[in-house]
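Q: The structure under discussion is supplied below as structure tokens; questions concerning it will follow.
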Amino acid sequence: AYTYEELNDVQDPLALLVLFDGGAGIATNIVAETAIPDSAVQFRFKVIGIDQSDLFISDSNYSRIRTIIKHVQQKYGFSKNLFLGGFSLGGFTSIRFSEMAVQKKDTQMIPNAVFAVDPPLDHLDFLDYCLRELERSCLNENASTIGKAEANWVLSYYEQHFGPYSEDSSAYINNSCYTRLLTNGGNGIYLKDIPINMIHEIDIMWLIKERCRDLSDVNAMIGSKFIRFLVGLGNEEAILTMTSNKGFRADGRRHPHSWSIAEPRPTLEWLVQFLNE
């Protein structure tokens with residue numbers, strides 16, 4: 001029942017790197033979009049992918065992911081070096097899972113370090129974005145159709161799982177990685193001792209022309225606030241990595257919101273410094 005994808009093959013691995021994909025969160029799609037699993041072989045990182053499509057992590061979802069990680073750790077005989085990473089929703093998942101591990105004092109699941117590729121972090125902020133998307137007028141009809149469809153889907157998902165935000169926003173806050181509106185950062189506080197690398201790329205003219213969006217619509221805005229918050233808490237290993245012209249999908253399309261902005265070698269070299277002997 002607890003399925004996962006082995007994304008590379010490593011002899012005598014030093015560490016486990018768990019990846020989560022964006023969108024529908026299907027682990028089999030990861031290898032087509034990023035060379036991280038291939039590159040991880042030379043660093044002796046065993047890489048697996050776990051499916052996760054929910055916009056939040058329930059306790060049962062946490063348990064499912066935890067059980068898979070434990071199984072793989074036992075199978076390969078290592079327990080002390082755990083790393084998490086993901087793209088978009090997958091980045092959200094890797095951060096939120098780490099926070100929950102700290103919150104639950106589940107020491108075996110607290111990762112050495114986490115990287116997240118252009119994730120949304122704050123459900124209240126994402127809700128505002130979806131409402132803006134529905135109001136947006138855009139000459140690019142295809143972009144407009146896709147954007148509005150996604151926004152409507154997210155809003156109905158929120159309503160179903162978190163209730164009407166105008167009446168009670170607590171579920172939105174409790175299930176976010178970080179809440180910009182709260183001075184204590186919401187759940188962000190749980191990452192004050194965990195190394196985190198937020199990776200973003202902004203191509204403003206691409207956004208304007210292709211999506212009729214602007215800087216207020218990019219995930220990097222909240223990502224930068226989140227890192228500023230963590231640095232303010234004394235987390236010296238919280239960093240924001242901005243790339244330029246690295247974002248391309250597997251089919252070659254230019255897209256700043258892509259796995260490819262996390263360049264395999266620099267991303268892995270950053271992780272490696274947090275290996276425990």
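Letters for chains follow the order of the structure tokens (A, B, ...), residue numbers begin at 1 for each chain, and ligand numbers begin at 1 in the order shown.
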Contacts of region 259-266 of chain A at 6 Å or less, counting only C-alpha atoms, minus same-chain residues fewer than 4 places along, as a PyMOL selection string?
A: chain A and resi 34+36+87+246-247
Q: Near region 134-147 of chain A, within 9 Å and counting only C-alpha atoms, which residues show up once chain neighbours fewer than 5 positions away are dropped, as a list in words?
A: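 These residues fall inside the cut-off: Tyr129, Asn152, Lys209, Glu210, Arg211, Cys212 and Arg213 of chain A.
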Q: Take the selection from the previous step and output its residues with N, CA and C atoms, as a short mmCIF file (atom, residue, chain, number, x, y, z; two decimals), in the first residue's frame.
A:
```
data_model
loop_
_atom_site.label_atom_id
_atom_site.label_comp_id
_atom_site.auth_asym_id
_atom_site.auth_seq_id
_atom_site.Cartn_x
_atom_site.Cartn_y
_atom_site.Cartn_z
N TYR A 129 -3.89 35.20 -4.04
CA TYR A 129 -3.41 35.05 -5.42
C TYR A 129 -4.50 34.45 -6.31
N ASN A 152 -9.86 28.28 -9.47
CA ASN A 152 -11.16 27.76 -9.04
C ASN A 152 -11.02 26.43 -8.32
N LYS A 209 4.09 38.66 -20.15
CA LYS A 209 3.63 38.30 -21.50
C LYS A 209 2.88 36.96 -21.54
N GLU A 210 3.42 35.99 -20.81
CA GLU A 210 2.85 34.63 -20.90
C GLU A 210 1.68 34.40 -19.95
N ARG A 211 1.66 35.14 -18.83
CA ARG A 211 0.64 34.86 -17.80
C ARG A 211 -0.13 36.09 -17.34
N CYS A 212 0.22 37.27 -17.86
CA CYS A 212 -0.43 38.52 -17.41
C CYS A 212 -0.29 38.72 -15.90
N ARG A 213 0.81 38.23 -15.34
CA ARG A 213 1.06 38.37 -13.90
C ARG A 213 2.20 39.34 -13.68
#
```
Q: Name the residues of region 48-195 of chain A that come out as helix (DSSP H, G or I) in a backbone DSSP run; write them as a VMD selection string.
A: chain A and resid 59 to 76 89 to 103 107 to 109 123 to 135 141 to 162 170 to 174 186 to 191
Q: Can you list, as a ChimeraX atom specification, every residue of region 60-150 of chain A that DSSP puts in strand (DSSP E)?
A: /A:82-87,113-117
Q: Take the residues from that selection and put them in a file with all heavy atoms, as a PDB file, in the first residue's frame.
A:
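Saved result, result_36.pdb, follows:
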```
ATOM      1  N   LEU A  82      19.112  12.105   6.629  1.00  0.00           N
ATOM      2  CA  LEU A  82      17.873  12.241   5.870  1.00  0.00           C
ATOM      3  C   LEU A  82      17.774  13.660   5.314  1.00  0.00           C
ATOM      4  O   LEU A  82      17.952  14.631   6.046  1.00  0.00           O
ATOM      5  CB  LEU A  82      16.665  11.957   6.783  1.00  0.00           C
ATOM      6  CG  LEU A  82      15.278  12.218   6.191  1.00  0.00           C
ATOM      7  CD1 LEU A  82      15.002  11.270   5.024  1.00  0.00           C
ATOM      8  CD2 LEU A  82      14.195  12.078   7.260  1.00  0.00           C
ATOM      9  N   PHE A  83      17.510  13.758   4.015  1.00  0.00           N
ATOM     10  CA  PHE A  83      17.354  15.046   3.346  1.00  0.00           C
ATOM     11  C   PHE A  83      16.035  15.041   2.583  1.00  0.00           C
ATOM     12  O   PHE A  83      15.624  13.994   2.061  1.00  0.00           O
ATOM     13  CB  PHE A  83      18.514  15.293   2.368  1.00  0.00           C
ATOM     14  CG  PHE A  83      19.851  15.397   3.049  1.00  0.00           C
ATOM     15  CD1 PHE A  83      20.612  14.257   3.301  1.00  0.00           C
ATOM     16  CD2 PHE A  83      20.360  16.630   3.438  1.00  0.00           C
ATOM     17  CE1 PHE A  83      21.845  14.342   3.937  1.00  0.00           C
ATOM     18  CE2 PHE A  83      21.584  16.726   4.068  1.00  0.00           C
ATOM     19  CZ  PHE A  83      22.336  15.583   4.329  1.00  0.00           C
ATOM     20  N   LEU A  84      15.400  16.197   2.493  1.00  0.00           N
ATOM     21  CA  LEU A  84      14.134  16.306   1.772  1.00  0.00           C
ATOM     22  C   LEU A  84      14.212  17.436   0.762  1.00  0.00           C
ATOM     23  O   LEU A  84      14.888  18.446   0.994  1.00  0.00           O
ATOM     24  CB  LEU A  84      12.979  16.606   2.737  1.00  0.00           C
ATOM     25  CG  LEU A  84      12.710  15.639   3.888  1.00  0.00           C
ATOM     26  CD1 LEU A  84      11.553  16.140   4.735  1.00  0.00           C
ATOM     27  CD2 LEU A  84      12.411  14.238   3.393  1.00  0.00           C
ATOM     28  N   GLY A  85      13.496  17.256  -0.353  1.00  0.00           N
ATOM     29  CA  GLY A  85      13.440  18.323  -1.342  1.00  0.00           C
ATOM     30  C   GLY A  85      12.235  18.146  -2.242  1.00  0.00           C
ATOM     31  O   GLY A  85      11.672  17.051  -2.354  1.00  0.00           O
ATOM     32  N   GLY A  86      11.836  19.239  -2.891  1.00  0.00           N
ATOM     33  CA  GLY A  86      10.707  19.117  -3.797  1.00  0.00           C
ATOM     34  C   GLY A  86      10.486  20.378  -4.601  1.00  0.00           C
ATOM     35  O   GLY A  86      11.042  21.439  -4.302  1.00  0.00           O
ATOM     36  N   PHE A  87       9.654  20.234  -5.613  1.00  0.00           N
ATOM     37  CA  PHE A  87       9.327  21.322  -6.534  1.00  0.00           C
ATOM     38  C   PHE A  87       7.869  21.733  -6.355  1.00  0.00           C
ATOM     39  O   PHE A  87       6.978  20.878  -6.317  1.00  0.00           O
ATOM     40  CB  PHE A  87       9.579  20.868  -7.977  1.00  0.00           C
ATOM     41  CG  PHE A  87       8.878  21.691  -9.022  1.00  0.00           C
ATOM     42  CD1 PHE A  87       9.170  23.042  -9.173  1.00  0.00           C
ATOM     43  CD2 PHE A  87       7.911  21.124  -9.853  1.00  0.00           C
ATOM     44  CE1 PHE A  87       8.510  23.812 -10.126  1.00  0.00           C
ATOM     45  CE2 PHE A  87       7.257  21.881 -10.816  1.00  0.00           C
ATOM     46  CZ  PHE A  87       7.551  23.235 -10.946  1.00  0.00           C
ATOM     47  N   ALA A 113      18.754  18.656   6.262  1.00  0.00           N
ATOM     48  CA  ALA A 113      18.566  19.881   5.483  1.00  0.00           C
ATOM     49  C   ALA A 113      17.440  19.664   4.486  1.00  0.00           C
ATOM     50  O   ALA A 113      17.101  18.517   4.141  1.00  0.00           O
ATOM     51  CB  ALA A 113      19.851  20.266   4.749  1.00  0.00           C
ATOM     52  N   VAL A 114      16.870  20.781   4.014  1.00  0.00           N
ATOM     53  CA  VAL A 114      15.738  20.741   3.083  1.00  0.00           C
ATOM     54  C   VAL A 114      15.990  21.749   1.960  1.00  0.00           C
ATOM     55  O   VAL A 114      16.487  22.843   2.218  1.00  0.00           O
ATOM     56  CB  VAL A 114      14.424  21.177   3.799  1.00  0.00           C
ATOM     57  CG1 VAL A 114      13.240  21.127   2.845  1.00  0.00           C
ATOM     58  CG2 VAL A 114      14.153  20.322   5.021  1.00  0.00           C
ATOM     59  N   PHE A 115      15.638  21.372   0.727  1.00  0.00           N
ATOM     60  CA  PHE A 115      15.593  22.390  -0.330  1.00  0.00           C
ATOM     61  C   PHE A 115      14.201  22.390  -0.951  1.00  0.00           C
ATOM     62  O   PHE A 115      13.521  21.361  -0.995  1.00  0.00           O
ATOM     63  CB  PHE A 115      16.687  22.184  -1.387  1.00  0.00           C
ATOM     64  CG  PHE A 115      16.452  21.041  -2.331  1.00  0.00           C
ATOM     65  CD1 PHE A 115      15.777  21.231  -3.537  1.00  0.00           C
ATOM     66  CD2 PHE A 115      16.912  19.765  -2.036  1.00  0.00           C
ATOM     67  CE1 PHE A 115      15.561  20.176  -4.416  1.00  0.00           C
ATOM     68  CE2 PHE A 115      16.701  18.695  -2.907  1.00  0.00           C
ATOM     69  CZ  PHE A 115      16.018  18.910  -4.100  1.00  0.00           C
ATOM     70  N   ALA A 116      13.767  23.559  -1.394  1.00  0.00           N
ATOM     71  CA  ALA A 116      12.424  23.687  -1.965  1.00  0.00           C
ATOM     72  C   ALA A 116      12.501  24.580  -3.198  1.00  0.00           C
ATOM     73  O   ALA A 116      13.063  25.671  -3.154  1.00  0.00           O
ATOM     74  CB  ALA A 116      11.474  24.274  -0.929  1.00  0.00           C
ATOM     75  N   VAL A 117      11.943  24.080  -4.303  1.00  0.00           N
ATOM     76  CA  VAL A 117      12.031  24.764  -5.593  1.00  0.00           C
ATOM     77  C   VAL A 117      10.725  25.523  -5.870  1.00  0.00           C
ATOM     78  O   VAL A 117       9.704  24.925  -6.205  1.00  0.00           O
ATOM     79  CB  VAL A 117      12.309  23.741  -6.720  1.00  0.00           C
ATOM     80  CG1 VAL A 117      12.546  24.458  -8.045  1.00  0.00           C
ATOM     81  CG2 VAL A 117      13.505  22.854  -6.367  1.00  0.00           C
TER      82      VAL A 117
END
```
Q: Write out as a PDB file with N, CA and C atoms, in the first residue's frame the residues lying within 9 Å of Gly185 (chain A), counting only C-alpha atoms and excluding same-chain residues fewer than 4 positions away.
A:
```pdb
ATOM      1  N   CYS A 177       3.121  26.447   5.719  1.00  0.00           N
ATOM      2  CA  CYS A 177       4.521  26.364   6.143  1.00  0.00           C
ATOM      3  C   CYS A 177       4.923  27.627   6.892  1.00  0.00           C
ATOM      4  N   TYR A 178       4.301  28.731   6.506  1.00  0.00           N
ATOM      5  CA  TYR A 178       4.682  30.037   7.030  1.00  0.00           C
ATOM      6  C   TYR A 178       3.485  30.952   6.820  1.00  0.00           C
ATOM      7  N   THR A 179       3.233  31.842   7.770  1.00  0.00           N
ATOM      8  CA  THR A 179       2.131  32.788   7.618  1.00  0.00           C
ATOM      9  C   THR A 179       2.673  34.202   7.728  1.00  0.00           C
ATOM     10  N   ARG A 180       2.658  34.887   6.617  1.00  0.00           N
ATOM     11  CA  ARG A 180       3.217  36.236   6.508  1.00  0.00           C
ATOM     12  C   ARG A 180       2.549  37.211   7.480  1.00  0.00           C
ATOM     13  N   LEU A 181       1.238  37.043   7.685  1.00  0.00           N
ATOM     14  CA  LEU A 181       0.485  37.999   8.494  1.00  0.00           C
ATOM     15  C   LEU A 181       0.758  37.874   9.988  1.00  0.00           C
ATOM     16  N   ILE A 189       8.242  28.837  12.571  1.00  0.00           N
ATOM     17  CA  ILE A 189       9.078  28.805  13.778  1.00  0.00           C
ATOM     18  C   ILE A 189       9.769  27.451  13.962  1.00  0.00           C
ATOM     19  N   PHE A 226      10.032  34.495   4.121  1.00  0.00           N
ATOM     20  CA  PHE A 226      10.254  33.314   4.962  1.00  0.00           C
ATOM     21  C   PHE A 226      11.725  33.209   5.378  1.00  0.00           C
ATOM     22  N   PHE A 229      12.624  35.876   7.798  1.00  0.00           N
ATOM     23  CA  PHE A 229      12.085  35.500   9.105  1.00  0.00           C
ATOM     24  C   PHE A 229      13.003  34.500   9.814  1.00  0.00           C
ATOM     25  N   LEU A 230      13.437  33.459   9.086  1.00  0.00           N
ATOM     26  CA  LEU A 230      14.292  32.423   9.688  1.00  0.00           C
ATOM     27  C   LEU A 230      15.661  32.973  10.081  1.00  0.00           C
TER      28      LEU A 230
END
```
Q: What is the distance between CA of Gly25 (chain A) and CA of Gln273 (chain A), in Å to one decimal?
A: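 CA of Gly25 (chain A) sits 27.9 Å away from CA of Gln273 (chain A).
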Q: Which value, in Å to one decimal, gives the distance between CA of Ile30 (chain A) and CA of Glu159 (chain A)?
A: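 If I compute the distance from CA of Ile30 (chain A) to CA of Glu159 (chain A), I get 29.4 Å.
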Q: Hey, can you check how far CA of Gly22 (chain A) sits from CA of Trp206 (chain A)?
A: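 These two atoms are separated by 20.3 Å.
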